[in-house]
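Below: structure.txt (compact mmCIF, C-alpha atoms and all ligand atoms)
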# COMPACT_ATOMS: atom_id res chain seq x y z
CA MET A 47 17.34 72.50 35.34
CA GLN A 48 15.40 73.35 38.47
CA THR A 49 16.79 76.44 40.19
CA PRO A 50 18.68 77.04 42.37
CA PHE A 51 21.59 74.93 41.12
CA TYR A 52 25.38 75.03 41.22
CA GLN A 53 27.13 74.91 37.90
CA TYR A 54 30.75 73.80 37.70
CA ASP A 55 32.97 74.56 34.74
CA LEU A 56 35.31 71.57 34.61
CA ALA A 57 37.38 73.06 31.78
CA LEU A 58 38.18 76.04 34.01
CA LEU A 59 38.86 73.69 36.90
CA ASN A 60 41.36 71.74 34.78
CA GLU A 61 43.03 74.93 33.60
CA THR A 62 43.32 76.13 37.21
CA LEU A 63 44.76 72.81 38.35
CA ASP A 64 47.26 72.76 35.48
CA THR A 65 48.42 76.27 36.37
CA ALA A 66 48.77 75.48 40.07
CA HIS A 67 50.58 72.26 39.28
CA ALA A 68 53.03 73.89 36.88
CA GLN A 69 53.84 76.74 39.28
CA ALA A 70 54.30 74.41 42.27
CA ALA A 71 56.43 72.00 40.21
CA LYS A 72 58.97 74.77 39.54
CA TYR A 73 60.06 74.44 43.17
CA GLY A 74 59.24 70.79 43.84
CA TYR A 75 56.27 71.73 46.04
CA MET A 76 53.53 69.23 46.88
CA VAL A 77 49.93 70.51 46.85
CA HIS A 78 47.09 68.89 48.78
CA TYR A 79 43.55 69.97 47.93
CA ALA A 80 41.62 71.15 51.02
CA ILE A 81 38.49 69.05 50.67
CA LYS A 82 36.49 71.30 52.97
CA ALA A 83 36.30 73.86 50.16
CA ASN A 84 34.15 71.53 48.06
CA ALA A 85 33.68 67.78 48.43
CA ASN A 86 31.60 67.26 45.28
CA PRO A 87 32.70 63.82 43.99
CA THR A 88 32.89 64.95 40.35
CA LEU A 89 35.31 67.70 41.30
CA LEU A 90 37.26 65.41 43.62
CA LYS A 91 37.84 62.90 40.81
CA VAL A 92 39.15 65.62 38.50
CA ILE A 93 41.45 66.89 41.26
CA SER A 94 42.79 63.47 42.28
CA ASP A 95 43.31 62.55 38.59
CA ALA A 96 45.36 65.74 38.21
CA GLY A 97 47.81 64.39 40.80
CA PHE A 98 46.96 66.49 43.85
CA GLY A 99 47.00 65.14 47.38
CA ALA A 100 44.17 65.75 49.85
CA ASP A 101 43.96 67.80 53.03
CA CYS A 102 41.23 66.51 55.32
CA VAL A 103 39.73 67.82 58.55
CA SER A 104 37.52 64.90 59.55
CA GLY A 105 37.42 61.13 59.33
CA ASN A 106 34.60 61.39 56.83
CA GLU A 107 36.69 63.66 54.62
CA ILE A 108 39.44 60.99 54.67
CA LYS A 109 36.86 58.37 53.65
CA THR A 110 35.59 60.62 50.86
CA ALA A 111 39.13 61.32 49.67
CA LEU A 112 39.96 57.60 49.49
CA LYS A 113 36.69 56.85 47.70
CA ASN A 114 37.44 59.48 45.06
CA GLY A 115 40.90 58.43 44.03
CA PHE A 116 43.29 60.13 46.47
CA LYS A 117 46.07 57.78 47.58
CA PRO A 118 46.54 57.30 51.37
CA GLN A 119 50.13 58.52 51.07
CA SER A 120 48.89 61.83 49.65
CA ILE A 121 46.47 62.54 52.50
CA VAL A 122 47.13 64.83 55.46
CA PHE A 123 44.75 65.27 58.36
CA ALA A 124 44.32 68.45 60.44
CA GLY A 125 41.74 69.60 62.94
CA VAL A 126 41.62 71.00 66.44
CA GLY A 127 39.14 68.36 67.65
CA LYS A 128 39.97 64.94 66.23
CA THR A 129 37.92 62.18 67.83
CA ASP A 130 39.43 58.84 68.81
CA TRP A 131 37.81 56.98 65.92
CA GLU A 132 39.14 59.56 63.45
CA ILE A 133 42.68 59.18 64.77
CA GLU A 134 42.36 55.41 64.73
CA TYR A 135 41.01 55.48 61.17
CA ALA A 136 43.79 57.80 59.96
CA ILE A 137 46.46 55.50 61.43
CA GLU A 138 44.85 52.37 60.02
CA GLN A 139 44.58 53.89 56.56
CA ASN A 140 48.28 54.75 56.73
CA ILE A 141 47.82 58.34 55.55
CA HIS A 142 50.84 60.60 55.05
CA CYS A 143 50.52 62.39 58.37
CA MET A 144 48.36 63.95 61.05
CA HIS A 145 48.74 67.57 62.12
CA CYS A 146 48.68 67.55 65.90
CA GLU A 147 47.31 70.67 67.60
CA SER A 148 48.09 70.16 71.32
CA THR A 149 50.22 68.24 73.81
CA GLN A 150 47.18 66.32 74.98
CA GLU A 151 46.35 65.28 71.42
CA PHE A 152 49.96 64.12 70.99
CA HIS A 153 49.50 61.82 74.00
CA VAL A 154 46.20 60.51 72.65
CA ILE A 155 47.67 59.79 69.20
CA ASN A 156 50.56 57.89 70.79
CA HIS A 157 48.16 55.93 72.98
CA ILE A 158 45.90 54.97 70.07
CA ALA A 159 48.86 54.05 67.84
CA LYS A 160 50.23 51.86 70.63
CA LYS A 161 46.89 50.10 70.97
CA LEU A 162 46.94 49.42 67.22
CA ASN A 163 50.59 48.40 67.41
CA LYS A 164 51.46 50.94 64.71
CA MET A 165 53.60 54.03 64.22
CA ALA A 166 51.71 57.27 63.55
CA ARG A 167 53.39 59.94 61.43
CA VAL A 168 52.74 63.32 63.04
CA ALA A 169 53.60 66.96 62.33
CA LEU A 170 53.03 69.66 64.93
CA ARG A 171 50.69 72.47 63.97
CA ILE A 172 52.25 75.69 65.19
CA ASN A 173 50.29 78.87 65.72
CA PRO A 174 52.86 81.38 64.44
CA ASN A 175 50.97 84.54 65.45
CA VAL A 176 51.21 85.97 61.92
CA ASN A 177 48.42 88.33 60.89
CA ALA A 178 46.72 87.09 57.70
CA LYS A 179 45.11 90.53 57.19
CA THR A 180 41.91 88.89 56.06
CA HIS A 181 38.41 88.64 57.52
CA LYS A 182 38.43 88.05 61.30
CA SER A 183 36.30 84.90 60.99
CA ILE A 184 38.74 83.23 58.61
CA THR A 185 41.93 84.14 60.45
CA THR A 186 43.49 81.12 62.13
CA GLY A 187 47.11 81.94 62.95
CA LEU A 188 46.85 84.60 65.66
CA LYS A 189 47.72 83.66 69.22
CA GLU A 190 44.12 84.19 70.36
CA ASN A 191 42.84 81.65 67.80
CA LYS A 192 42.02 78.09 68.84
CA PHE A 193 44.31 76.48 66.27
CA GLY A 194 47.71 74.92 66.76
CA MET A 195 50.19 75.21 69.62
CA SER A 196 52.79 77.77 70.67
CA VAL A 197 56.46 77.36 69.73
CA GLU A 198 57.23 76.83 73.44
CA GLU A 199 54.78 73.94 73.64
CA ALA A 200 56.16 72.46 70.41
CA SER A 201 59.68 72.76 71.80
CA LEU A 202 58.75 70.67 74.86
CA ILE A 203 57.27 67.99 72.59
CA PHE A 204 60.35 68.00 70.34
CA ASN A 205 62.60 67.56 73.36
CA SER A 206 60.66 64.60 74.67
CA ALA A 207 59.56 63.06 71.36
CA ASN A 208 61.69 59.92 71.78
CA LYS A 209 59.55 59.00 74.79
CA TYR A 210 56.57 58.54 72.51
CA LYS A 211 57.40 55.17 71.02
CA ASN A 212 54.49 55.00 68.59
CA ILE A 213 54.90 58.41 66.98
CA SER A 214 57.27 59.39 64.25
CA LEU A 215 57.55 63.19 64.46
CA ILE A 216 58.14 64.27 60.86
CA GLY A 217 57.92 68.06 60.92
CA LEU A 218 55.79 71.18 61.20
CA HIS A 219 52.47 72.50 59.92
CA PHE A 220 51.14 76.06 59.66
CA HIS A 221 47.93 77.66 58.37
CA ILE A 222 47.20 81.30 59.13
CA GLY A 223 43.94 82.03 57.33
CA SER A 224 41.99 82.12 54.13
CA GLN A 225 41.25 84.52 51.23
CA ILE A 226 44.68 86.15 51.52
CA MET A 227 45.35 88.48 48.58
CA ASN A 228 48.39 90.30 49.96
CA MET A 229 51.65 88.49 49.10
CA GLU A 230 53.36 90.39 51.91
CA VAL A 231 51.44 88.13 54.31
CA PHE A 232 53.00 85.01 52.79
CA LYS A 233 56.42 86.65 53.00
CA ASN A 234 55.78 87.29 56.71
CA LEU A 235 54.68 83.70 57.17
CA ALA A 236 57.78 82.32 55.42
CA ARG A 237 60.10 84.49 57.53
CA GLU A 238 58.37 83.50 60.75
CA VAL A 239 58.58 79.82 59.73
CA ASN A 240 62.35 80.31 59.23
CA ARG A 241 62.68 81.71 62.74
CA ILE A 242 60.60 78.91 64.24
CA GLN A 243 62.55 76.23 62.38
CA GLU A 244 65.81 77.67 63.73
CA ARG A 245 64.42 77.72 67.23
CA LEU A 246 63.09 74.16 67.10
CA GLN A 247 66.00 72.88 65.02
CA SER A 248 63.42 71.15 62.86
CA LYS A 249 65.14 71.51 59.49
CA ALA A 250 66.32 67.93 59.57
CA HIS A 251 62.71 66.75 59.66
CA PRO A 252 61.42 65.89 56.19
CA TYR A 253 58.01 67.60 56.31
CA LEU A 254 57.08 71.28 56.25
CA ASN A 255 53.50 72.33 55.49
CA LEU A 256 52.56 76.00 55.01
CA GLY A 257 48.81 75.44 54.74
CA GLY A 258 46.51 77.19 52.27
CA GLY A 259 44.93 80.59 52.14
CA LEU A 260 45.61 81.97 48.67
CA GLY A 261 42.65 84.18 47.74
CA ILE A 262 40.62 84.66 44.57
CA ASP A 263 39.22 87.81 42.96
CA TYR A 264 35.57 87.98 44.02
CA ASN A 265 35.24 91.45 42.48
CA ASN A 266 36.25 90.50 38.94
CA PRO A 267 35.59 86.77 38.62
CA MET A 268 35.21 86.86 34.82
CA ILE A 269 38.51 88.67 34.31
CA ASN A 270 40.66 87.06 36.98
CA ARG A 271 39.58 83.48 36.60
CA ILE A 272 42.77 81.91 37.89
CA ALA A 273 44.40 82.75 41.23
CA ASP A 274 47.93 84.13 41.39
CA PHE A 275 49.71 80.81 41.89
CA GLU A 276 52.82 82.17 40.24
CA GLY A 277 53.19 85.07 42.70
CA TYR A 278 52.28 82.88 45.65
CA PHE A 279 54.80 80.08 45.13
CA LYS A 280 57.45 82.58 44.01
CA THR A 281 57.03 84.58 47.23
CA ILE A 282 57.34 81.49 49.37
CA ASN A 283 60.36 80.28 47.41
CA LEU A 284 62.03 83.66 47.75
CA TRP A 285 61.67 83.91 51.52
CA LEU A 286 61.48 80.38 52.89
CA LYS A 287 64.75 78.78 53.94
CA PRO A 288 63.92 75.10 54.36
CA GLY A 289 66.28 72.28 55.25
CA LYS A 290 67.83 70.72 52.17
CA ASP A 291 65.88 67.48 52.47
CA GLN A 292 62.56 69.03 53.46
CA THR A 293 59.57 68.66 51.15
CA ILE A 294 57.29 71.71 51.24
CA HIS A 295 53.58 70.96 51.30
CA PHE A 296 50.58 73.26 50.74
CA GLU A 297 46.86 72.85 51.36
CA LEU A 298 44.96 74.94 48.85
CA GLY A 299 41.18 74.98 48.78
CA ARG A 300 39.51 78.15 47.54
CA SER A 301 42.17 79.04 44.97
CA LEU A 302 41.75 75.65 43.22
CA VAL A 303 37.95 75.52 42.99
CA GLY A 304 36.53 78.94 43.88
CA GLN A 305 36.06 80.40 40.41
CA CYS A 306 34.85 77.26 38.63
CA GLY A 307 31.47 77.25 40.39
CA GLN A 308 28.44 79.50 40.11
CA LEU A 309 25.06 79.48 41.78
CA TYR A 310 22.06 79.99 39.48
CA THR A 311 18.90 81.28 41.08
CA ARG A 312 15.61 82.62 39.73
CA VAL A 313 13.81 85.80 40.72
CA LEU A 314 10.51 84.93 42.37
CA TYR A 315 9.31 88.44 43.16
CA THR A 316 10.41 92.03 43.12
CA LYS A 317 9.05 94.52 45.60
CA THR A 318 9.74 98.06 46.66
CA THR A 319 9.34 99.24 50.21
CA LYS A 320 9.80 102.74 51.62
CA THR A 321 13.55 102.22 51.89
CA ARG A 322 14.63 99.90 49.09
CA SER A 323 13.82 97.56 46.25
CA PHE A 324 14.13 93.84 46.80
CA ALA A 325 14.67 91.02 44.35
CA VAL A 326 13.50 87.87 46.11
CA VAL A 327 15.21 84.79 44.64
CA ASP A 328 14.63 81.05 45.09
CA GLY A 329 18.18 80.31 46.37
CA GLY A 330 18.94 81.18 49.98
CA MET A 331 21.63 81.22 52.63
CA ASN A 332 21.23 77.45 52.86
CA ALA A 333 22.86 77.27 49.39
CA LEU A 334 25.42 80.05 49.88
CA ILE A 335 26.01 81.19 53.43
CA ARG A 336 29.15 83.31 52.92
CA PRO A 337 27.37 86.71 52.58
CA ALA A 338 25.23 86.02 55.67
CA LEU A 339 28.08 84.63 57.73
CA TYR A 340 30.97 86.92 56.81
CA GLY A 341 29.36 89.76 54.88
CA ALA A 342 31.24 88.33 51.89
CA TYR A 343 30.81 89.91 48.46
CA HIS A 344 29.83 87.79 45.45
CA CYS A 345 29.34 89.30 42.01
CA ILE A 346 25.74 88.89 40.76
CA GLU A 347 24.48 89.21 37.16
CA ASN A 348 21.06 89.00 35.55
CA ILE A 349 21.45 86.50 32.70
CA ASN A 350 18.20 87.55 31.03
CA LYS A 351 19.16 91.19 30.83
CA ILE A 352 22.78 91.00 29.63
CA GLY A 353 23.64 94.15 27.67
CA GLN A 354 20.83 96.20 29.20
CA PRO A 355 21.72 99.32 31.19
CA VAL A 356 22.56 98.65 34.83
CA ASN A 357 20.16 101.25 36.23
CA GLN A 358 18.68 99.79 39.41
CA THR A 359 19.81 98.83 42.87
CA TYR A 360 18.27 95.83 44.61
CA GLU A 361 18.79 94.01 47.82
CA VAL A 362 18.94 90.44 46.51
CA VAL A 363 17.41 88.23 49.20
CA GLY A 364 16.59 84.55 49.55
CA PRO A 365 13.43 82.85 50.80
CA ILE A 366 14.75 81.85 54.24
CA CYS A 367 13.13 83.34 57.33
CA GLU A 368 16.22 85.24 58.47
CA THR A 369 17.08 88.87 57.81
CA THR A 370 20.67 87.86 57.09
CA ASP A 371 19.44 85.73 54.16
CA SER A 372 20.73 88.32 51.73
CA PHE A 373 23.29 88.12 48.91
CA GLY A 374 23.96 91.86 48.86
CA GLU A 375 22.23 94.97 50.14
CA ALA A 376 22.82 97.21 47.14
CA VAL A 377 23.32 95.10 44.04
CA SER A 378 23.44 97.04 40.80
CA LEU A 379 21.40 95.29 38.10
CA PRO A 380 19.35 96.14 35.03
CA THR A 381 15.61 96.40 35.69
CA THR A 382 14.86 92.91 36.98
CA GLU A 383 11.61 90.97 36.73
CA ARG A 384 9.96 87.87 38.09
CA GLY A 385 11.33 84.86 36.23
CA ASP A 386 14.78 86.34 35.50
CA LEU A 387 17.76 84.06 36.05
CA LEU A 388 20.57 85.45 38.22
CA VAL A 389 24.05 84.03 38.38
CA ILE A 390 26.10 84.40 41.56
CA HIS A 391 29.79 84.05 40.75
CA SER A 392 32.72 82.51 42.63
CA CYS A 393 30.67 79.78 44.31
CA GLY A 394 33.06 76.87 43.76
CA ALA A 395 34.51 77.07 47.27
CA TYR A 396 32.63 77.05 50.58
CA ALA A 397 29.18 77.18 48.97
CA GLU A 398 28.07 73.59 48.28
CA SER A 399 30.29 72.32 51.12
CA MET A 400 28.61 74.68 53.61
CA ALA A 401 25.07 74.11 52.33
CA SER A 402 22.33 72.97 54.67
CA ASP A 403 18.67 72.08 54.51
CA TYR A 404 17.65 74.89 56.86
CA ASN A 405 13.92 75.63 56.57
CA LEU A 406 13.84 72.11 55.08
CA ARG A 407 14.87 73.46 51.71
CA GLU A 408 16.32 71.10 49.16
CA ARG A 409 20.05 71.37 48.65
CA PRO A 410 20.69 72.64 45.12
CA GLN A 411 21.47 70.14 42.37
CA CYS A 412 24.69 70.35 40.36
CA ALA A 413 25.35 70.83 36.66
CA PHE A 414 28.73 70.37 35.02
CA ILE A 415 30.13 72.02 31.93
CA ARG A 416 32.69 69.98 30.03
CA ASN A 417 33.57 71.46 26.66
CA PHE A 418 30.62 73.89 26.80
CA GLU A 419 27.99 71.18 27.12
CA LEU A 420 25.84 71.30 30.21
CA GLU A 421 25.40 68.03 32.01
CA LYS A 422 23.11 67.19 34.88
CA LYS A 423 24.39 65.16 37.81
N1 LIG A 501 44.33 74.11 55.67
C1 LIG A 501 43.69 74.33 56.83
C2 LIG A 501 44.23 73.78 58.07
C3 LIG A 501 42.51 75.09 56.84
O1 LIG A 501 41.89 75.33 57.99
C4 LIG A 501 42.00 75.62 55.61
C5 LIG A 501 40.79 76.42 55.59
C6 LIG A 501 42.70 75.34 54.43
C7 LIG A 501 43.87 74.58 54.50
C8 LIG A 501 42.24 75.82 53.08
O2 LIG A 501 42.28 77.22 53.00
P1 LIG A 501 41.99 77.95 51.60
O3 LIG A 501 43.13 77.62 50.66
O4 LIG A 501 40.69 77.45 51.08
O5 LIG A 501 41.94 79.37 51.97
N2 LIG A 501 34.36 79.12 55.02
C9 LIG A 501 35.30 80.22 54.86
C10 LIG A 501 36.71 79.71 54.70
C11 LIG A 501 37.17 78.88 55.88
C12 LIG A 501 38.57 78.33 55.69
C13 LIG A 501 38.88 77.36 56.77
N3 LIG A 501 40.15 76.73 56.65
C14 LIG A 501 34.87 81.06 53.67
O6 LIG A 501 33.86 80.77 53.07
O7 LIG A 501 35.52 82.07 53.36

Using the file provided, produce a representation of the structure as structure tokens.
Amino acid sequence: MQTPFYQYDLALLNETLDTAHAQAAKYGYMVHYAIKANANPTLLKVISDAGFGADCVSGNEIKTALKNGFKPQSIVFAGVGKTDWEIEYAIEQNIHCMHCESTQEFHVINHIAKKLNKMARVALRINPNVNAKTHKSITTGLKENKFGMSVEEASLIFNSANKYKNISLIGLHFHIGSQIMNMEVFKNLAREVNRIQERLQSKAHPYLNLGGGLGIDYNNPMINRIADFEGYFKTINLWLKPGKDQTIHFELGRSLVGQCGQLYTRVLYTKTTKTRSFAVVDGGMNALIRPALYGAYHCIENINKIGQPVNQTYEVVGPICETTDSFGEAVSLPTTERGDLLVIHSCGAYAESMASDYNLRERPQCAFIRNFELEKK
């Protein structure tokens, strides 16, 4: 297949989904897949078939979820900037609920629901000011972040909720960040949620959503292929004190799809300047923007030189006219030549979904492995 291309291992995806499902089922938890991590329709069908709900952040994500087998009742909708048509569409499709992020949005939802002569199910997204101890750019639950509302604001809404005749206020939503590896953070979240629930007296409401954020091992993707779902759900179960009729929801993205995808790219040129050696590859930041955007690490291997001594250091760069178009400044590889195929691991989440056609480059095609056979889209 023409490089660069994404390759998805559907057997690994199924194994990951089975593990997540089994661990969540121990506690009766409901998991929604965060579509923003990867909206590839082949993956979405596998995930909806496996019984997961969907977490959407735009009207188009809701449309895509419905088209790929997710039931309206399994869909939740978050986002700090929902447009009127998106709210209208969510209400008309009768999705499970919307996560409302401000008092003004609450008014707008009520107004639109009234116009449609419908009831909108809404949960309030609270910004709990819990430090996710992850990268600054993917932290969402600190008070300086744009997401959610304060407990004080939520309290005012709770106290006046019966004035909003077209909203059914069903509970609370939280999401504090992404790529969280430290279980202590989830313990802190659960304890803060307990405090907030006491303060808002929200335990009688049926819905409680703790968001996503469980991380994957970017350093050892071949060894740690499946995220620590067991530790994650166990930690939440240990510390969270929900109301007895509350259903606990999660919105996992990266941990469900991150390790099942890889980006394959071919070396076009190698060159050595006064300061370093470069391997120039045909895939760029338009196919995988995480290193350029967050300085994120992705493990890179040279498929043509497996088993050869890792004796060189290259900056692996793409063809885009930006200095940040780099997959790593000092990547240890065997001696690498024009024509070699490199694999960039852990590209199942936030790679294809964040791809662009910058520099008018083609978006990479996709290949799928089912039972070790490679299939082209
Ligand atoms: N729920 C909400 C409200 C979210 O904002 C997110 C991710 C998730 C769930 C899913 O989080 P996950 O389980 O995937 O951590 N592009 C960045 C990640 C941005 C995450 C944004 N929100 C990256 O490549 O690291």

To check your reading of the model: which residues sit at most 7 Å from ligand LIG 501 (chain A) when counting all atoms listed in the file? Write the answer as a list of chain:residue names.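 Counting only what the definition allows, namely all atoms listed in the file, the set is A:Ala80, A:Ala83, A:Asp101, A:Ala124, A:Gly125, A:Ile184, A:His221, A:Gly223, A:Ser224, A:Gln225, A:Gly257, A:Gly258, A:Gly259, A:Leu260, A:Gly261, A:Glu297, A:Leu298, A:Gly299, A:Arg300, A:Ser301, A:Arg336, A:Ala395, A:Tyr396.
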
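Summary of the local environment: counting all atoms listed in the file, residues at most 12 Å from Gln150 in chain A, other than itself and those fewer than 5 positions away along its chain, are Val126, Gly127, Lys128, Ile155, Asn156, His157, Gly194, Met195, Glu199, Ala200 and Ile203 of chain A.
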
Contacts of Asn357 in chain A within 9 Å, only C-alpha atoms, excl. fewer than 4 positions in-chain, as a list in words: Ser378, Leu379, Pro380 and Thr381 of chain A

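One finds CA of Asn205 in chain A at 25.1 Å from CA of Glu134 in chain A.
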
Can you work out which one of A:Ile346, A:Leu246, A:Leu339, A:Ala111 has the shortest atom-to-atom distance to Pro87 in chain A, counting all atoms listed in the file?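 Among the listed residues, A:Ala111 lies closest to Pro87 in chain A.
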
For His219 in chain A, which residue among A:Arg241, A:Lys161, A:His145, A:Lys72 is the nearest when counting all atoms listed in the file? A:His145

Would you list the residues near (5.8, 86.1, 41.7) (no more than 7 Å away, in the coordinates of the file, using all atoms listed in the file) as a list of chain:residue names?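 Those within range, by chain then number, are A:Leu314, A:Tyr315, A:Arg384.
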
Please report the interatomic distance between CA of Leu256 in chain A and CA of Cys102 in chain A in Å with one decimal. 14.8 Å

Calculated over only C-alpha atoms, which of the candidates A:Asp95, A:Met165, A:Gly217, A:Met331 has the smallest distance to Asp403 in chain A?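 Of A:Asp95, A:Met165, A:Gly217, A:Met331, the one nearest Asp403 in chain A is A:Met331, counting only C-alpha atoms.
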
Residue nearest Asn265 in chain A among A:Gln305, A:Asn84, A:Gln354, A:Asn228 (counting all atoms listed in the file):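 Closest candidate: A:Gln305.
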
Considering all atoms listed in the file, return as a PyMOL selection string whatever protein or nucleic-acid residues lie within 8 Å of Thr382 in chain A, sequence-local ones (same chain, fewer than 6 positions apart) excluded. chain A and resi 316+325+348+351

Neighbours of Ala85 in chain A within 9 Å (all atoms listed in the file; same-chain residues fewer than 6 positions away dropped), as a compact mmCIF listing (two decimals) with C-alpha atoms, keeping the file's coordinate frame?
# COMPACT_ATOMS: atom_id res chain seq x y z
CA GLU A 107 36.69 63.66 54.62
CA THR A 110 35.59 60.62 50.86
CA ALA A 111 39.13 61.32 49.67
CA GLU A 398 28.07 73.59 48.28
CA SER A 399 30.29 72.32 51.12

Contact residues around Gly105 in chain A with only C-alpha atoms at 7 Å, ignoring same-chain residues under 4 positions, as a list in words: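 Residues near the query, excluding close chain neighbours: Lys109, Glu132 and Tyr135 of chain A.
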